Every structure is written in C-alpha cells, then in structure tokens.
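Asks: Handing you this structure, nothing more for now.
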Amino acid sequence: MAAPLYVVGTAAEATAVLRRLARGGWQTRQGFAITDPGWDVSAGKVVRYGRVPDVDTGALAVLAAARGAGVVCVCDPTSPAGLVLSADLGRIGPVGVDPAQEPAPKQRPAADLPVTDEQAALLTRLADGETIAAAAEAEFLSLRTANRRIAAARKALGVATTREAVLAFVKRRR
C-alpha cells in the first residue's frame with residue numbers, strides 16, 4: 001500500500017489532513033528524520049509531518065517518503081523548496097492524494113436539497129462525527145462563518161437544532 005504524500009501551504013491544512021489520516025489508522029510523528037534501523041518503514045503506517053523551510057529539510061522528507069513513511073509537508077508550494085519538494089515526492093507517488101482512501105459513496109447531490117453546497121459539506125462532516133470547529137477547519141472556514149452557515153441550513157431544513165439539521169440532511173440525502 002502506498003503512503004500518503006502531501007505538500008500543504010498552512011499549518012491548518014496540515015492539521016486537517018493529519019486528523020483525517022489519524023482516523024484512517026495512521027500514526028502521526030513530527031519531524032522527518034527516521035531512526036529505525038531497517039530501511040522499509042511502511043508496515044508501521046506512520047506519517048511524518050513538519051515545516052519545510054529549505055531544500056535540506058525537503059530532502060529529509062523525500063527520504064522518509066522513499067523509506068515508506070507518509071509525509072505531510074508545510075511549505076509554500078510556489079517557493080523553490082516547495083517546487084523541488086513537490087517534484088521529488090511526485091516521483092515516489094501521487095502528491096495530495098491518499099491512495100488508500102476509499103472513494104466517497106454515491107449520494108444525491110446537494111442541488112436536490114434545500115441547502116447550499118457549503119452547508120451540505122459542513123452537515124456531511126457533522127454527520128461523520130466531526131465537531132463544528134473541526135468541520136470549519138477542514139472546510140477552511142472560520143468558526144463564526146461555519147456557525148452562520150449551519151444556522152442557515154437549520155432554517156432551510158425547517159428544524160430548530162443542529163442535531164435535527166444533521167438528521168434531516170442525512171435522511172433527505174438518501
């Protein structure tokens with residue numbers, strides 16, 4: 001099984017990716033240096049993460065990926081270090097895609113529902129057990145904006161609570 005390889009621009013994006021991978025059974029470890037004596041570390045399902053400010057740190061991340069660890073690199077993708085890092089990781093596997101991730105099940109599109117796509121994304125995350133704060137972060141929203149969108153979804157669905165909104169959304173989505 002191939003390990004996940006990510007180059008993200010912010011720590012918030014990295015946190016969202018790491019949370020999703022941790023829910024998928026991956027262990028997260030800060031830093032890219034691997035001290036295991038054996039070369040292949042893929043059996044451990046470990047994802048190494050950290051900032052990549054320069055080409056040398058990028059080389060450590062690429063080495064970790066070559067040894068079978070997943071990597072989540074926080075780096076400006078347009079910087080010289082980011083461009084080199086993305087190119088090098090691309091030789092190992094697809095960057096920004098978790099190869100082990102199951103495809104999303106087919107569901108009715110949000111257009112059939114009285115909520116917007118943004119509201120549907122938040123309600124889907126809440127239905128999957130995430131908190132509003134975690135869902136907001138994963139959707140790159142502030143907590144206040146997420147709460148306003150959920151309030152609008154409650155109104156559109158004709159319910160009083162967020163719990164009822166999630167249940168009504170899931171029921172109508174089927």
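Residues in the structure tokens are named by chain (A, B, ... in the order shown) and by number from 1 within that chain; ligands are numbered from 1 in the order shown.
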Quick one: residues within 10 Å of Leu85 (chain A), only C-alpha atoms counted, chain neighbours fewer than 2 positions away excluded, as a compact mmCIF listing (two decimals) with all heavy atoms, in the first residue's frame?

Replies:
# COMPACT_ATOMS: atom_id res chain seq x y z
N TYR A 6 1.75 14.64 1.03
CA TYR A 6 1.08 15.93 0.94
C TYR A 6 2.07 17.07 1.06
O TYR A 6 2.99 17.02 1.87
CB TYR A 6 0.04 16.10 2.06
CG TYR A 6 -1.19 15.26 1.87
CD1 TYR A 6 -1.25 13.96 2.37
CD2 TYR A 6 -2.28 15.74 1.19
CE1 TYR A 6 -2.38 13.19 2.20
CE2 TYR A 6 -3.42 14.97 1.00
CZ TYR A 6 -3.46 13.69 1.52
OH TYR A 6 -4.57 12.93 1.33
N VAL A 7 1.85 18.11 0.27
CA VAL A 7 2.54 19.39 0.41
C VAL A 7 1.43 20.42 0.56
O VAL A 7 0.65 20.62 -0.37
CB VAL A 7 3.44 19.73 -0.79
CG1 VAL A 7 4.09 21.08 -0.61
CG2 VAL A 7 4.49 18.65 -0.99
N VAL A 52 8.78 22.71 6.09
CA VAL A 52 9.91 22.51 5.17
C VAL A 52 10.37 23.89 4.71
O VAL A 52 9.93 24.38 3.67
CB VAL A 52 9.52 21.61 3.98
CG1 VAL A 52 10.71 21.41 3.05
CG2 VAL A 52 9.00 20.26 4.47
N ASP A 54 13.47 24.79 3.85
CA ASP A 54 14.59 24.81 2.91
C ASP A 54 14.72 23.46 2.19
O ASP A 54 14.03 22.50 2.51
CB ASP A 54 15.89 25.15 3.64
CG ASP A 54 16.16 24.24 4.84
OD1 ASP A 54 15.87 23.03 4.75
OD2 ASP A 54 16.67 24.73 5.86
N VAL A 55 15.63 23.42 1.23
CA VAL A 55 15.82 22.22 0.41
C VAL A 55 16.36 21.05 1.25
O VAL A 55 16.00 19.89 1.02
CB VAL A 55 16.75 22.53 -0.78
CG1 VAL A 55 17.04 21.28 -1.58
CG2 VAL A 55 16.11 23.58 -1.67
N THR A 57 15.73 20.30 4.45
CA THR A 57 14.61 19.68 5.18
C THR A 57 13.73 18.93 4.19
O THR A 57 13.22 17.85 4.50
CB THR A 57 13.80 20.75 5.93
OG1 THR A 57 14.69 21.52 6.74
CG2 THR A 57 12.75 20.11 6.82
N GLY A 58 13.57 19.47 2.99
CA GLY A 58 12.81 18.78 1.96
C GLY A 58 13.43 17.45 1.60
O GLY A 58 12.72 16.47 1.35
N ALA A 59 14.77 17.40 1.58
CA ALA A 59 15.46 16.14 1.28
C ALA A 59 15.17 15.10 2.35
O ALA A 59 15.00 13.91 2.03
CB ALA A 59 16.96 16.38 1.16
N ALA A 61 12.38 14.92 4.09
CA ALA A 61 11.00 14.50 3.86
C ALA A 61 10.94 13.49 2.71
O ALA A 61 10.23 12.48 2.80
CB ALA A 61 10.13 15.70 3.56
N VAL A 62 11.67 13.75 1.64
CA VAL A 62 11.68 12.84 0.50
C VAL A 62 12.29 11.49 0.90
O VAL A 62 11.80 10.43 0.50
CB VAL A 62 12.44 13.47 -0.69
CG1 VAL A 62 12.66 12.45 -1.80
CG2 VAL A 62 11.67 14.68 -1.21
N CYS A 73 3.97 17.85 4.44
CA CYS A 73 4.95 18.93 4.48
C CYS A 73 4.25 20.28 4.42
O CYS A 73 3.45 20.52 3.51
CB CYS A 73 5.91 18.82 3.30
SG CYS A 73 6.72 17.21 3.20
N CYS A 75 4.72 23.87 3.53
CA CYS A 75 5.70 24.59 2.72
C CYS A 75 4.96 25.42 1.69
O CYS A 75 3.94 24.98 1.16
CB CYS A 75 6.62 23.58 2.04
SG CYS A 75 7.87 24.27 0.98
N PRO A 77 4.06 26.15 -1.64
CA PRO A 77 4.24 25.33 -2.84
C PRO A 77 4.87 26.08 -4.02
O PRO A 77 5.35 25.46 -4.96
CB PRO A 77 2.82 24.87 -3.20
CG PRO A 77 1.95 25.25 -2.07
CD PRO A 77 2.66 26.25 -1.24
N SER A 79 7.42 28.31 -3.59
CA SER A 79 8.81 28.64 -3.27
C SER A 79 9.74 27.64 -3.94
O SER A 79 9.30 26.55 -4.35
CB SER A 79 9.02 28.61 -1.76
OG SER A 79 8.96 27.27 -1.29
N PRO A 80 11.03 27.97 -4.07
CA PRO A 80 11.96 26.99 -4.67
C PRO A 80 11.95 25.66 -3.92
O PRO A 80 11.94 24.60 -4.55
CB PRO A 80 13.31 27.69 -4.57
CG PRO A 80 12.98 29.15 -4.55
CD PRO A 80 11.67 29.26 -3.82
N ALA A 81 11.95 25.71 -2.59
CA ALA A 81 11.93 24.47 -1.81
C ALA A 81 10.63 23.69 -2.07
O ALA A 81 10.64 22.47 -2.18
CB ALA A 81 12.09 24.76 -0.32
N GLY A 82 9.52 24.41 -2.17
CA GLY A 82 8.23 23.76 -2.41
C GLY A 82 8.14 23.11 -3.77
O GLY A 82 7.59 22.02 -3.93
N LEU A 83 8.67 23.78 -4.78
CA LEU A 83 8.66 23.22 -6.14
C LEU A 83 9.52 21.97 -6.23
O LEU A 83 9.12 20.96 -6.84
CB LEU A 83 9.13 24.28 -7.14
CG LEU A 83 8.19 25.48 -7.32
CD1 LEU A 83 8.86 26.55 -8.17
CD2 LEU A 83 6.87 25.05 -7.91
N ALA A 87 8.08 18.10 -6.80
CA ALA A 87 8.60 17.31 -7.93
C ALA A 87 9.22 16.00 -7.43
O ALA A 87 8.98 14.93 -8.01
CB ALA A 87 9.63 18.11 -8.71
N ASP A 88 10.02 16.07 -6.38
CA ASP A 88 10.67 14.86 -5.85
C ASP A 88 9.65 13.88 -5.28
O ASP A 88 9.75 12.67 -5.52
CB ASP A 88 11.71 15.23 -4.79
CG ASP A 88 12.95 15.88 -5.38
OD1 ASP A 88 13.13 15.81 -6.62
OD2 ASP A 88 13.74 16.47 -4.61
N LEU A 89 8.67 14.38 -4.51
CA LEU A 89 7.64 13.48 -3.97
C LEU A 89 6.79 12.89 -5.10
O LEU A 89 6.36 11.75 -5.00
CB LEU A 89 6.76 14.23 -2.97
CG LEU A 89 7.40 14.56 -1.62
CD1 LEU A 89 6.45 15.40 -0.78
CD2 LEU A 89 7.82 13.31 -0.87
N GLY A 90 6.59 13.66 -6.17
CA GLY A 90 5.82 13.16 -7.31
C GLY A 90 6.47 11.97 -7.99
O GLY A 90 5.79 11.19 -8.65

Asks: Taking the backbone alone, and naming residues the way the document does, which bits of region 1-166 of chain A are strand (DSSP E) by DSSP, as a ChimeraX atom specification?

Replies: /A:5-8,27-30,46-51,70-74

Asks: Running DSSP on the backbone, which parts of region 6-152 of chain A land in alpha helix (DSSP H), as a PyMOL selection string?

Replies: chain A and resi 11-23+55-66+80-92+117-127+132-138+143-152

Asks: Could you name the residues that touch region 66-68 of chain A at 9 Å or less, counting only C-alpha atoms, but leaving out those on the same chain fewer than 2 positions away, as an MDAnalysis selection string?

Replies: chainID A and resid 2:3 34 39:46 61:64 70 89 92

Asks: Using only C-alpha atoms, can you tell me which of A:Pro94, A:Glu13, A:Val8, A:Ile150 comes closest to Arg125 (chain A)?

Replies: A:Ile150

Asks: Let me make sure I understand: among A:Thr10, A:Thr78, A:Thr145, A:Thr116, which one has the smallest atom-to-atom distance to Ile132 (chain A) if we use only C-alpha atoms?

Replies: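 The shortest atom-to-atom distance to Ile132 (chain A) comes from A:Thr145.
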
Asks: Considering only C-alpha atoms, can you say which of A:Gly158, A:Gly38, A:Pro4, A:Gly93 comes closest to Val72 (chain A)?

Replies: A:Pro4

Asks: Find the residues near Ala168 (chain A): any atom within 12 Å, counting only C-alpha atoms, skip ones fewer than 2 places away on the same chain, and give them as a list in words.

Replies: Leu113, Pro114, Val115, Ala120, Leu123, Thr124, Ala127, Ala153, Arg154, Lys155, Ala156, Leu157, Gly158, Val159, Ala160, Thr161, Thr162, Arg163, Glu164, Ala165, Val166, Val170, Lys171, Arg172, Arg173 and Arg174 of chain A

Asks: Mind pulling up the distance from CA of Arg19 (chain A) to CA of Ser86 (chain A)?

Replies: 21.6 Å

Asks: Check the smallest atom-to-atom distance from each of A:Ala138, A:Ala33, A:Val84, A:Ala11 to Leu126 (chain A) using only C-alpha atoms, then report the winner.

Replies: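 When distances to Leu126 (chain A) are compared using only C-alpha atoms, the smallest one comes from A:Ala138.
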
Asks: Which is closest to Glu139 (chain A) among A:Glu118, A:Val71, A:Gln30, A:Leu5, if we use only C-alpha atoms?

Replies: A:Glu118
